[in-house]
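Asks: My structure is stored as my_file.cif, with mmCIF, C-alpha atoms and all ligand atoms.
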```
data_query
#
loop_
_atom_site.group_PDB
_atom_site.id
_atom_site.type_symbol
_atom_site.label_atom_id
_atom_site.label_comp_id
_atom_site.auth_asym_id
_atom_site.auth_seq_id
_atom_site.Cartn_x
_atom_site.Cartn_y
_atom_site.Cartn_z
ATOM 1 C CA MET A 29 71.430 114.176 88.505
ATOM 2 C CA ARG A 30 69.899 111.508 90.726
ATOM 3 C CA GLY A 31 72.644 108.906 90.674
ATOM 4 C CA SER A 32 75.967 108.782 92.482
ATOM 5 C CA ILE A 33 79.346 110.106 91.372
ATOM 6 C CA VAL A 34 82.614 108.208 91.864
ATOM 7 C CA LEU A 35 85.843 110.135 92.370
ATOM 8 C CA PHE A 36 88.561 107.830 91.102
ATOM 9 C CA GLY A 37 92.364 107.989 91.151
ATOM 10 C CA PRO A 38 95.562 106.831 92.824
ATOM 11 C CA PRO A 39 96.332 107.534 96.493
ATOM 12 C CA GLY A 40 97.233 111.199 96.895
ATOM 13 C CA ALA A 41 95.780 112.255 93.528
ATOM 14 C CA GLY A 42 93.709 114.966 95.196
ATOM 15 C CA LYS A 43 90.378 113.154 95.596
ATOM 16 C CA GLY A 44 89.708 114.439 99.114
ATOM 17 C CA THR A 45 90.836 117.945 98.136
ATOM 18 C CA GLN A 46 88.605 118.095 95.044
ATOM 19 C CA ALA A 47 85.625 116.397 96.722
ATOM 20 C CA GLU A 48 84.800 119.733 98.342
ATOM 21 C CA ILE A 49 83.888 121.518 95.110
ATOM 22 C CA ILE A 50 81.799 118.568 93.887
ATOM 23 C CA VAL A 51 79.865 118.493 97.158
ATOM 24 C CA GLU A 52 79.293 122.243 96.838
ATOM 25 C CA MET A 53 78.103 121.959 93.239
ATOM 26 C CA THR A 54 75.888 118.866 93.572
ATOM 27 C CA GLY A 55 74.808 118.824 97.225
ATOM 28 C CA LYS A 56 75.631 115.114 97.350
ATOM 29 C CA PRO A 57 77.282 113.941 100.586
ATOM 30 C CA GLN A 58 80.876 112.702 100.374
ATOM 31 C CA ILE A 59 81.462 109.096 101.407
ATOM 32 C CA SER A 60 85.140 108.356 101.971
ATOM 33 C CA THR A 61 85.850 104.735 102.873
ATOM 34 C CA GLY A 62 89.349 105.782 104.026
ATOM 35 C CA ASP A 63 87.881 108.306 106.514
ATOM 36 C CA MET A 64 85.304 105.748 107.725
ATOM 37 C CA LEU A 65 88.020 103.130 108.255
ATOM 38 C CA ARG A 66 90.332 105.584 110.066
ATOM 39 C CA SER A 67 87.506 106.555 112.387
ATOM 40 C CA ALA A 68 86.819 102.848 113.112
ATOM 41 C CA VAL A 69 90.538 102.324 113.833
ATOM 42 C CA SER A 70 90.683 105.253 116.245
ATOM 43 C CA GLN A 71 87.532 104.045 118.030
ATOM 44 C CA GLY A 72 89.039 100.568 118.328
ATOM 45 C CA SER A 73 85.862 98.893 116.985
ATOM 46 C CA ALA A 74 85.882 95.329 115.628
ATOM 47 C CA LEU A 75 85.929 96.763 112.102
ATOM 48 C CA GLY A 76 88.870 99.003 113.007
ATOM 49 C CA LEU A 77 90.820 96.097 114.471
ATOM 50 C CA GLU A 78 90.249 94.099 111.308
ATOM 51 C CA ALA A 79 91.213 96.949 108.961
ATOM 52 C CA LYS A 80 94.230 98.380 110.804
ATOM 53 C CA GLU A 81 96.961 96.024 109.626
ATOM 54 C CA TYR A 82 95.921 96.171 106.007
ATOM 55 C CA MET A 83 95.907 99.954 106.091
ATOM 56 C CA GLU A 84 99.248 100.299 107.828
ATOM 57 C CA SER A 85 100.915 97.933 105.384
ATOM 58 C CA GLY A 86 99.417 99.691 102.346
ATOM 59 C CA GLN A 87 97.150 96.815 101.296
ATOM 60 C CA LEU A 88 93.486 97.003 100.438
ATOM 61 C CA VAL A 89 91.029 96.043 103.158
ATOM 62 C CA PRO A 90 89.043 92.908 102.082
ATOM 63 C CA ASP A 91 86.111 93.583 99.742
ATOM 64 C CA GLN A 92 83.426 92.092 101.988
ATOM 65 C CA VAL A 93 84.366 94.454 104.843
ATOM 66 C CA ILE A 94 84.170 97.499 102.569
ATOM 67 C CA ILE A 95 80.947 96.408 100.874
ATOM 68 C CA GLY A 96 79.254 95.905 104.270
ATOM 69 C CA LEU A 97 80.366 99.380 105.341
ATOM 70 C CA ILE A 98 78.952 100.973 102.183
ATOM 71 C CA GLN A 99 75.687 99.029 102.365
ATOM 72 C CA ASP A 100 75.072 100.383 105.884
ATOM 73 C CA ARG A 101 76.062 103.939 104.979
ATOM 74 C CA LEU A 102 73.757 104.023 101.936
ATOM 75 C CA GLU A 103 70.781 103.341 104.203
ATOM 76 C CA ASP A 104 71.170 106.766 105.823
ATOM 77 C CA PRO A 105 68.524 109.252 104.622
ATOM 78 C CA ASP A 106 71.092 111.739 103.236
ATOM 79 C CA ALA A 107 72.160 109.131 100.654
ATOM 80 C CA SER A 108 68.775 108.869 98.973
ATOM 81 C CA ASN A 109 69.596 111.255 96.076
ATOM 82 C CA GLY A 110 72.999 109.814 95.286
ATOM 83 C CA VAL A 111 76.359 110.403 96.942
ATOM 84 C CA LEU A 112 79.940 111.248 96.064
ATOM 85 C CA PHE A 113 82.153 108.180 96.571
ATOM 86 C CA ASP A 114 85.770 109.062 97.386
ATOM 87 C CA GLY A 115 88.183 106.112 97.391
ATOM 88 C CA PHE A 116 85.461 103.550 96.641
ATOM 89 C CA PRO A 117 85.131 101.301 94.655
ATOM 90 C CA ARG A 118 88.754 100.142 94.477
ATOM 91 C CA THR A 119 88.312 96.681 92.934
ATOM 92 C CA ILE A 120 86.119 95.272 90.174
ATOM 93 C CA HIS A 121 84.381 93.149 92.814
ATOM 94 C CA GLN A 122 83.501 96.287 94.826
ATOM 95 C CA ALA A 123 82.215 97.975 91.655
ATOM 96 C CA GLU A 124 80.039 94.977 90.816
ATOM 97 C CA ALA A 125 78.613 94.931 94.342
ATOM 98 C CA LEU A 126 77.973 98.677 94.127
ATOM 99 C CA SER A 127 76.107 98.315 90.837
ATOM 100 C CA GLU A 128 73.581 96.119 92.655
ATOM 101 C CA ILE A 129 72.840 98.604 95.421
ATOM 102 C CA ALA A 130 73.177 102.053 93.805
ATOM 103 C CA GLU A 131 73.230 103.761 90.432
ATOM 104 C CA VAL A 132 76.566 105.265 89.404
ATOM 105 C CA SER A 133 75.914 108.079 86.900
ATOM 106 C CA ALA A 134 79.450 109.413 86.476
ATOM 107 C CA VAL A 135 83.057 108.619 87.316
ATOM 108 C CA ILE A 136 85.622 111.420 87.505
ATOM 109 C CA ALA A 137 89.184 110.097 87.290
ATOM 110 C CA ILE A 138 92.061 112.313 88.447
ATOM 111 C CA GLU A 139 95.332 111.297 86.782
ATOM 112 C CA VAL A 140 98.712 111.953 88.443
ATOM 113 C CA PRO A 141 102.005 110.137 87.731
ATOM 114 C CA ASP A 142 103.558 107.987 90.488
ATOM 115 C CA GLU A 143 106.555 110.220 91.292
ATOM 116 C CA GLU A 144 104.315 113.204 91.912
ATOM 117 C CA ILE A 145 102.106 110.997 94.104
ATOM 118 C CA VAL A 146 105.011 110.224 96.411
ATOM 119 C CA ASN A 147 105.750 113.964 96.897
ATOM 120 C CA ARG A 148 102.121 114.667 97.627
ATOM 121 C CA ILE A 149 101.713 111.821 100.112
ATOM 122 C CA VAL A 150 104.823 112.422 102.203
ATOM 123 C CA GLY A 151 103.982 116.130 102.602
ATOM 124 C CA ARG A 152 100.289 115.617 103.433
ATOM 125 C CA ARG A 153 99.069 116.843 106.833
ATOM 126 C CA MET A 154 95.545 116.880 108.242
ATOM 127 C CA ASP A 155 93.764 119.082 110.715
ATOM 128 C CA PRO A 156 91.971 116.604 113.015
ATOM 129 C CA GLU A 157 89.546 119.308 114.179
ATOM 130 C CA THR A 158 88.226 120.425 110.787
ATOM 131 C CA GLY A 159 89.280 117.548 108.497
ATOM 132 C CA GLU A 160 91.036 120.108 106.238
ATOM 133 C CA ILE A 161 93.861 118.626 104.154
ATOM 134 C CA TYR A 162 97.144 120.545 103.802
ATOM 135 C CA HIS A 163 100.514 119.982 102.183
ATOM 136 C CA VAL A 164 103.778 121.262 103.650
ATOM 137 C CA SER A 165 104.774 122.822 100.287
ATOM 138 C CA PHE A 166 101.755 122.768 97.965
ATOM 139 C CA LYS A 167 99.086 123.923 100.420
ATOM 140 C CA PRO A 168 100.916 125.295 103.437
ATOM 141 C CA PRO A 169 98.830 125.414 106.614
ATOM 142 C CA PRO A 170 98.373 128.665 108.562
ATOM 143 C CA PRO A 171 101.294 128.851 111.069
ATOM 144 C CA GLU A 172 98.979 128.938 114.097
ATOM 145 C CA LEU A 173 97.538 125.517 113.136
ATOM 146 C CA ILE A 174 100.826 123.703 112.534
ATOM 147 C CA SER A 175 101.172 122.312 116.069
ATOM 148 C CA ARG A 176 97.838 120.478 115.916
ATOM 149 C CA LEU A 177 98.215 118.934 112.443
ATOM 150 C CA VAL A 178 98.665 115.182 112.092
ATOM 151 C CA GLN A 179 100.374 112.968 109.563
ATOM 152 C CA ARG A 180 98.748 109.662 108.647
ATOM 153 C CA LYS A 181 100.703 106.585 109.710
ATOM 154 C CA ASP A 182 100.543 105.190 106.149
ATOM 155 C CA ASP A 183 101.789 108.444 104.565
ATOM 156 C CA ASN A 184 105.432 107.422 104.368
ATOM 157 C CA GLU A 185 107.500 106.554 101.310
ATOM 158 C CA ASP A 186 107.615 102.754 101.864
ATOM 159 C CA THR A 187 103.887 102.378 102.440
ATOM 160 C CA VAL A 188 102.983 104.660 99.562
ATOM 161 C CA ARG A 189 104.919 102.372 97.207
ATOM 162 C CA MET A 190 102.771 99.466 98.428
ATOM 163 C CA ARG A 191 99.611 101.529 98.000
ATOM 164 C CA LEU A 192 100.648 102.463 94.465
ATOM 165 C CA ALA A 193 101.282 98.796 93.650
ATOM 166 C CA ALA A 194 97.810 97.922 94.966
ATOM 167 C CA TYR A 195 96.381 100.759 92.878
ATOM 168 C CA HIS A 196 98.044 99.590 89.653
ATOM 169 C CA ASP A 197 97.140 95.907 90.204
ATOM 170 C CA GLN A 198 93.675 96.067 91.669
ATOM 171 C CA THR A 199 92.149 99.519 91.165
ATOM 172 C CA LYS A 200 93.366 100.907 87.843
ATOM 173 C CA PRO A 201 91.575 98.201 85.766
ATOM 174 C CA LEU A 202 88.317 99.663 87.082
ATOM 175 C CA GLY A 203 88.986 102.806 85.045
ATOM 176 C CA ASP A 204 88.688 100.747 81.846
ATOM 177 C CA TRP A 205 85.617 99.027 83.235
ATOM 178 C CA TYR A 206 83.848 102.385 83.753
ATOM 179 C CA SER A 207 85.225 103.736 80.471
ATOM 180 C CA ASN A 208 83.588 100.833 78.634
ATOM 181 C CA MET A 209 80.319 101.794 80.318
ATOM 182 C CA GLY A 210 80.729 105.287 78.807
ATOM 183 C CA ILE A 211 80.584 107.165 82.121
ATOM 184 C CA LEU A 212 84.280 108.010 82.733
ATOM 185 C CA SER A 213 85.627 111.601 82.553
ATOM 186 C CA THR A 214 89.383 111.868 82.881
ATOM 187 C CA ILE A 215 91.082 114.905 84.378
ATOM 188 C CA ASP A 216 94.741 115.927 84.380
ATOM 189 C CA GLY A 217 95.554 116.167 88.096
ATOM 190 C CA THR A 218 99.077 117.591 87.741
ATOM 191 C CA GLY A 219 98.333 121.347 87.834
ATOM 192 C CA SER A 220 97.863 123.437 90.964
ATOM 193 C CA ILE A 221 94.914 122.681 93.257
ATOM 194 C CA GLU A 222 93.021 125.649 91.711
ATOM 195 C CA GLU A 223 93.734 124.521 88.140
ATOM 196 C CA VAL A 224 92.561 120.988 88.873
ATOM 197 C CA SER A 225 89.425 122.376 90.594
ATOM 198 C CA LYS A 226 88.559 124.261 87.406
ATOM 199 C CA SER A 227 88.774 121.050 85.357
ATOM 200 C CA VAL A 228 86.728 119.183 87.953
ATOM 201 C CA ALA A 229 84.050 121.908 87.955
ATOM 202 C CA LYS A 230 83.916 121.789 84.152
ATOM 203 C CA ALA A 231 83.489 118.004 84.214
ATOM 204 C CA VAL A 232 80.699 118.275 86.810
ATOM 205 C CA ARG A 233 78.879 120.979 84.793
ATOM 206 C CA SER A 234 78.908 118.758 81.727
ATOM 207 C CA LEU A 235 77.269 115.807 83.509
HETATM 208 P P1 LIG A 301 93.628 111.692 97.975
HETATM 209 O O1 LIG A 301 92.331 111.965 98.687
HETATM 210 O O2 LIG A 301 93.430 111.365 96.527
HETATM 211 O O3 LIG A 301 94.478 110.674 98.688
HETATM 212 P P2 LIG A 301 94.414 114.402 98.870
HETATM 213 O O4 LIG A 301 93.302 115.272 98.401
HETATM 214 O O5 LIG A 301 94.481 114.062 100.297
HETATM 215 O O6 LIG A 301 94.461 113.044 97.970
HETATM 216 O O7 LIG A 301 95.782 115.080 98.399
HETATM 217 C C1 LIG A 301 97.052 114.495 98.716
HETATM 218 C C2 LIG A 301 98.037 115.605 99.092
HETATM 219 O O8 LIG A 301 98.369 116.363 97.908
HETATM 220 C C3 LIG A 301 97.507 116.624 100.106
HETATM 221 O O9 LIG A 301 98.582 117.026 100.924
HETATM 222 C C4 LIG A 301 97.008 117.784 99.232
HETATM 223 O O10 LIG A 301 97.111 119.035 99.908
HETATM 224 C C5 LIG A 301 97.982 117.728 98.068
HETATM 225 N N1 LIG A 301 97.380 118.114 96.774
HETATM 226 C C6 LIG A 301 96.124 117.855 96.339
HETATM 227 N N2 LIG A 301 95.941 118.333 95.079
HETATM 228 C C7 LIG A 301 97.133 118.891 94.714
HETATM 229 C C8 LIG A 301 97.596 119.576 93.532
HETATM 230 N N3 LIG A 301 96.811 119.745 92.465
HETATM 231 N N4 LIG A 301 98.876 120.020 93.527
HETATM 232 C C9 LIG A 301 99.690 119.828 94.601
HETATM 233 N N5 LIG A 301 99.313 119.205 95.732
HETATM 234 C C10 LIG A 301 98.052 118.743 95.800
HETATM 235 P P1 LIG A 302 94.426 107.346 99.778
HETATM 236 O O1 LIG A 302 93.424 107.728 98.740
HETATM 237 O O2 LIG A 302 95.291 108.458 100.222
HETATM 238 O O3 LIG A 302 95.162 106.075 99.448
HETATM 239 P P2 LIG A 302 92.334 106.382 101.604
HETATM 240 O O4 LIG A 302 92.052 107.195 102.792
HETATM 241 O O5 LIG A 302 91.322 106.340 100.519
HETATM 242 O O6 LIG A 302 93.727 106.905 101.109
HETATM 243 O O7 LIG A 302 92.639 104.870 102.008
HETATM 244 C C1 LIG A 302 93.543 104.535 103.037
HETATM 245 C C2 LIG A 302 93.597 103.026 103.189
HETATM 246 O O8 LIG A 302 92.312 102.534 103.588
HETATM 247 C C3 LIG A 302 93.932 102.259 101.911
HETATM 248 O O9 LIG A 302 95.320 102.121 101.690
HETATM 249 C C4 LIG A 302 93.260 100.893 102.207
HETATM 250 O O10 LIG A 302 94.036 100.116 103.103
HETATM 251 C C5 LIG A 302 92.001 101.314 102.944
HETATM 252 N N1 LIG A 302 90.857 101.544 102.032
HETATM 253 C C6 LIG A 302 90.185 102.717 101.829
HETATM 254 N N2 LIG A 302 89.188 102.557 100.948
HETATM 255 C C7 LIG A 302 89.229 101.251 100.564
HETATM 256 C C8 LIG A 302 88.472 100.467 99.644
HETATM 257 N N3 LIG A 302 87.449 100.979 98.933
HETATM 258 N N4 LIG A 302 88.821 99.159 99.492
HETATM 259 C C9 LIG A 302 89.830 98.604 100.191
HETATM 260 N N5 LIG A 302 90.582 99.286 101.064
HETATM 261 C C10 LIG A 302 90.295 100.601 101.261
#
```
Using the file provided, produce a representation of the structure as structure tokens.
Replies:
Amino acid sequence: MRGSIVLFGPPGAGKGTQAEIIVEMTGKPQISTGDMLRSAVSQGSALGLEAKEYMESGQLVPDQVIIGLIQDRLEDPDASNGVLFDGFPRTIHQAEALSEIAEVSAVIAIEVPDEEIVNRIVGRRMDPETGEIYHVSFKPPPPELISRLVQRKDDNEDTVRMRLAAYHDQTKPLGDWYSNMGILSTIDGTGSIEEVSKSVAKAVRSL
């Protein structure tokens, strides 16, 4: 498939976790706007300074900032045969802008209810050296790595409620938008990581 794939779902649904198998199966590079923004924040760039407060308060970063970031990234040579978008687009405006610069061939939506999202988010830990995502209960890290793992500043219960509100208000309507275009596959994200991976792999094979 030449076009791009969008991985869609609420915060903590398992997009980053499941991106791995899609990258393996399709060879398309993963583009995570969240990872790009966090790297800008840690470098202290102008973009990072602009994005930081929105991210820490659980609000979406303004569309024009995100669209500029994606436009630049899509000019890299590895993006020429389509990419895997993780966490983008998050508003109808972003999706409209994307439709003018790239072809979206498929959208894979991972569905998880809000209460489960909160459990997943507060237990999430990341290995800053490898980028691997763990969970204190659902994907326990190897003991020797525990001391170097980090928790995201926005992965606390109060901020996740704000992020969920932003998701329901601004992002969820996009699911219907893509469904009307006939390119949405919906996946039950509530099983174990392995079970969800099997459903994701099946959806990718049927594209
Ligand atoms: P997203 O990229 O959608 O924000 P992540 O992939 O980072 O989500 O997953 C959020 C947290 O939930 C991580 O700690 C991850 O290990 C955990 N997780 C992911 N998928 C599952 C699953 N199917 N069951 C239980 N925990 C999961
Ligand atoms: P998660 O999927 O766990 O919510 P992300 O890493 O995708 O986390 O996003 C973290 C934060 O970065 C979001 O809460 C938001 O502030 C910002 N962000 C990431 N992607 C976008 C986007 N496409 N549009 C607007 N804000 C974004």
Asks: Care to translate the PyMOL selection byres (((not hetatm)) within 9 of (chain A and resi 301)) into actual residues of this file, as a PyMOL selection string?
Replies: chain A and resi 35-47+60+62+114-115+138+140+144-145+147-154+160-168+217-225
Asks: Residues within 6 Å of ligand LIG 302 (chain A) should be enumerated using all atoms listed in the file and returned as an mmCIF file with C-alpha atoms, in the coordinates of the input.
Replies:
```
data_model
loop_
_atom_site.group_PDB
_atom_site.id
_atom_site.type_symbol
_atom_site.label_atom_id
_atom_site.label_comp_id
_atom_site.auth_asym_id
_atom_site.auth_seq_id
_atom_site.Cartn_x
_atom_site.Cartn_y
_atom_site.Cartn_z
ATOM 1 C CA PRO A 39 96.332 107.534 96.493
ATOM 2 C CA GLY A 40 97.233 111.199 96.895
ATOM 3 C CA THR A 61 85.850 104.735 102.873
ATOM 4 C CA GLY A 62 89.349 105.782 104.026
ATOM 5 C CA ASP A 63 87.881 108.306 106.514
ATOM 6 C CA TYR A 82 95.921 96.171 106.007
ATOM 7 C CA MET A 83 95.907 99.954 106.091
ATOM 8 C CA GLY A 86 99.417 99.691 102.346
ATOM 9 C CA GLN A 87 97.150 96.815 101.296
ATOM 10 C CA LEU A 88 93.486 97.003 100.438
ATOM 11 C CA VAL A 89 91.029 96.043 103.158
ATOM 12 C CA ILE A 94 84.170 97.499 102.569
ATOM 13 C CA GLY A 115 88.183 106.112 97.391
ATOM 14 C CA PHE A 116 85.461 103.550 96.641
ATOM 15 C CA PRO A 117 85.131 101.301 94.655
ATOM 16 C CA ARG A 118 88.754 100.142 94.477
ATOM 17 C CA ARG A 191 99.611 101.529 98.000
#
```
Asks: Could you spell out the hits of the PyMOL selection byres (((chain A and resi 75) around 12) and not hetatm) on the shown file, as a list in words?
Replies: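 Written out, the selection comes to Met64, Leu65, Arg66, Ser67, Ala68, Val69, Ser70, Gln71, Gly72, Ser73, Ala74, Gly76, Leu77, Glu78, Ala79, Lys80, Glu81, Tyr82, Val89, Pro90, Gln92, Val93, Ile94, Gly96 and Leu97 of chain A.
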Asks: Near Val132 (chain A), within 9 Å and counting all atoms listed in the file, which residues show up once chain neighbours fewer than 6 positions away are dropped, as a list in words?
Replies: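 Near neighbours after the sequence-gap exclusion: Gly31, Ser32, Ile33, Val34, Gly110, Leu126 and Ile211 of chain A.
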Asks: Which residues, written as a ChimeraX atom specification, have at least one atom at most 10 Å from Ser108 (chain A), with only C-alpha atoms counted and residues fewer than 3 positions away on the same chain left out?
Replies: /A:30-32,56,102-105,111,130
Asks: What is the CA of Glu157 (chain A) to CA of Phe113 (chain A) distance in Å?
Replies: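 Distance reported for this atom pair: 22.1 Å.
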Asks: With all atoms of region 179-190 of chain A from the file as input, state the centre and edge lengths in Å to one decimal of the axis-aligned box that has 6 Å extra on each side, as AutoDock Vina command-line options.
Replies:
```
--center_x 103.2 --center_y 106.2 --center_z 103.5 --size_x 20.9 --size_y 25.5 --size_z 24.5
```
Asks: Find the residue from A:Tyr195, A:Pro201, A:Lys230, A:Pro57 that sits nearest to Asp106 (chain A); use only C-alpha atoms when measuring.
Replies: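 Nearest candidate to Asp106 (chain A) out of A:Tyr195, A:Pro201, A:Lys230, A:Pro57: A:Pro57.
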Asks: What is the distance between CA of Gly203 (chain A) and CA of Gln122 (chain A), in Å to one decimal?
Replies: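 Taking CA of Gly203 (chain A) and CA of Gln122 (chain A), their separation equals 13.0 Å.
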Asks: Could you tell me which residues the PyMOL selection byres (((chain A and resi 235) around 9) and not hetatm) grabs in this file, written as a VMD selection string?
Replies: chain A and resid 29 133 to 134 230 to 234
Asks: Residues as selected, C-alpha atoms, written as a PDB file, in the coordinates of the input, can you do that?
Replies:
```pdb
ATOM      1  CA  MET A  29      71.430 114.176  88.505  1.00  0.00           C
ATOM      2  CA  SER A 133      75.914 108.079  86.900  1.00  0.00           C
ATOM      3  CA  ALA A 134      79.450 109.413  86.476  1.00  0.00           C
ATOM      4  CA  LYS A 230      83.916 121.789  84.152  1.00  0.00           C
ATOM      5  CA  ALA A 231      83.489 118.004  84.214  1.00  0.00           C
ATOM      6  CA  VAL A 232      80.699 118.275  86.810  1.00  0.00           C
ATOM      7  CA  ARG A 233      78.879 120.979  84.793  1.00  0.00           C
ATOM      8  CA  SER A 234      78.908 118.758  81.727  1.00  0.00           C
TER       9      SER A 234
END
```
Asks: Considering all atoms listed in the file, state which residue in the set A:Ile174, A:Glu185, A:Tyr206, A:Leu112 is at the smallest distance from Glu48 (chain A).
Replies: A:Leu112
Asks: Just give me the gap between CA of Asp91 (chain A) and CA of Val228 (chain A) in Å, one decimal is fine.
Replies: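 We find that CA of Asp91 (chain A) and CA of Val228 (chain A) lie 28.2 Å from each other.
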Asks: Give me the residues near Leu202 (chain A) as an MDAnalysis selection string, where near means some atom within 8 Å (using all atoms listed in the file) and where sequence neighbours in that chain fewer than 2 positions away do not count.
Replies: chainID A and resid 118:120 123 198:200 204:206
Asks: My list of candidates is A:Asp182, A:Ile215, A:Asp155, A:His121. Which is closest to Pro169 (chain A) when distances are computed with only C-alpha atoms?
Replies: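 Once distances to Pro169 (chain A) are computed over only C-alpha atoms, the minimum belongs to A:Asp155.
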Asks: Please reconstruct the missing atoms of region 103-114 of chain A (target: N, CA, C and O atoms) and return them as a short mmCIF file (atom, residue, chain, number, x, y, z; two decimals), keeping the file's coordinate frame.
Replies:
```cif
data_model
loop_
_atom_site.label_atom_id
_atom_site.label_comp_id
_atom_site.auth_asym_id
_atom_site.auth_seq_id
_atom_site.Cartn_x
_atom_site.Cartn_y
_atom_site.Cartn_z
N GLU A 103 72.13 103.35 103.63
CA GLU A 103 70.78 103.34 104.20
C GLU A 103 70.44 104.64 104.91
O GLU A 103 69.28 104.91 105.22
N ASP A 104 71.44 105.49 105.15
CA ASP A 104 71.17 106.77 105.82
C ASP A 104 70.35 107.66 104.89
O ASP A 104 70.56 107.65 103.67
N PRO A 105 69.43 108.45 105.45
CA PRO A 105 68.52 109.25 104.62
C PRO A 105 69.25 110.23 103.68
O PRO A 105 68.78 110.48 102.58
N ASP A 106 70.42 110.75 104.08
CA ASP A 106 71.09 111.74 103.24
C ASP A 106 71.64 111.12 101.94
O ASP A 106 72.08 111.84 101.05
N ALA A 107 71.60 109.79 101.85
CA ALA A 107 72.16 109.13 100.65
C ALA A 107 71.10 108.87 99.59
O ALA A 107 71.41 108.35 98.52
N SER A 108 69.86 109.30 99.87
CA SER A 108 68.78 108.87 98.97
C SER A 108 68.81 109.50 97.58
O SER A 108 68.21 108.98 96.65
N ASN A 109 69.51 110.65 97.42
CA ASN A 109 69.60 111.26 96.08
C ASN A 109 70.98 111.11 95.47
O ASN A 109 71.43 111.97 94.71
N GLY A 110 71.66 110.03 95.82
CA GLY A 110 73.00 109.81 95.29
C GLY A 110 74.05 110.45 96.18
O GLY A 110 73.76 111.36 96.96
N VAL A 111 75.26 109.94 96.09
CA VAL A 111 76.36 110.40 96.94
C VAL A 111 77.61 110.59 96.08
O VAL A 111 77.61 110.24 94.90
N LEU A 112 78.63 111.16 96.71
CA LEU A 112 79.94 111.25 96.06
C LEU A 112 80.86 110.23 96.74
O LEU A 112 81.21 110.39 97.92
N PHE A 113 81.24 109.18 96.01
CA PHE A 113 82.15 108.18 96.57
C PHE A 113 83.59 108.64 96.36
O PHE A 113 83.98 108.97 95.23
N ASP A 114 84.36 108.65 97.44
CA ASP A 114 85.77 109.06 97.39
C ASP A 114 86.61 107.88 97.89
O ASP A 114 86.53 107.52 99.06
#
```
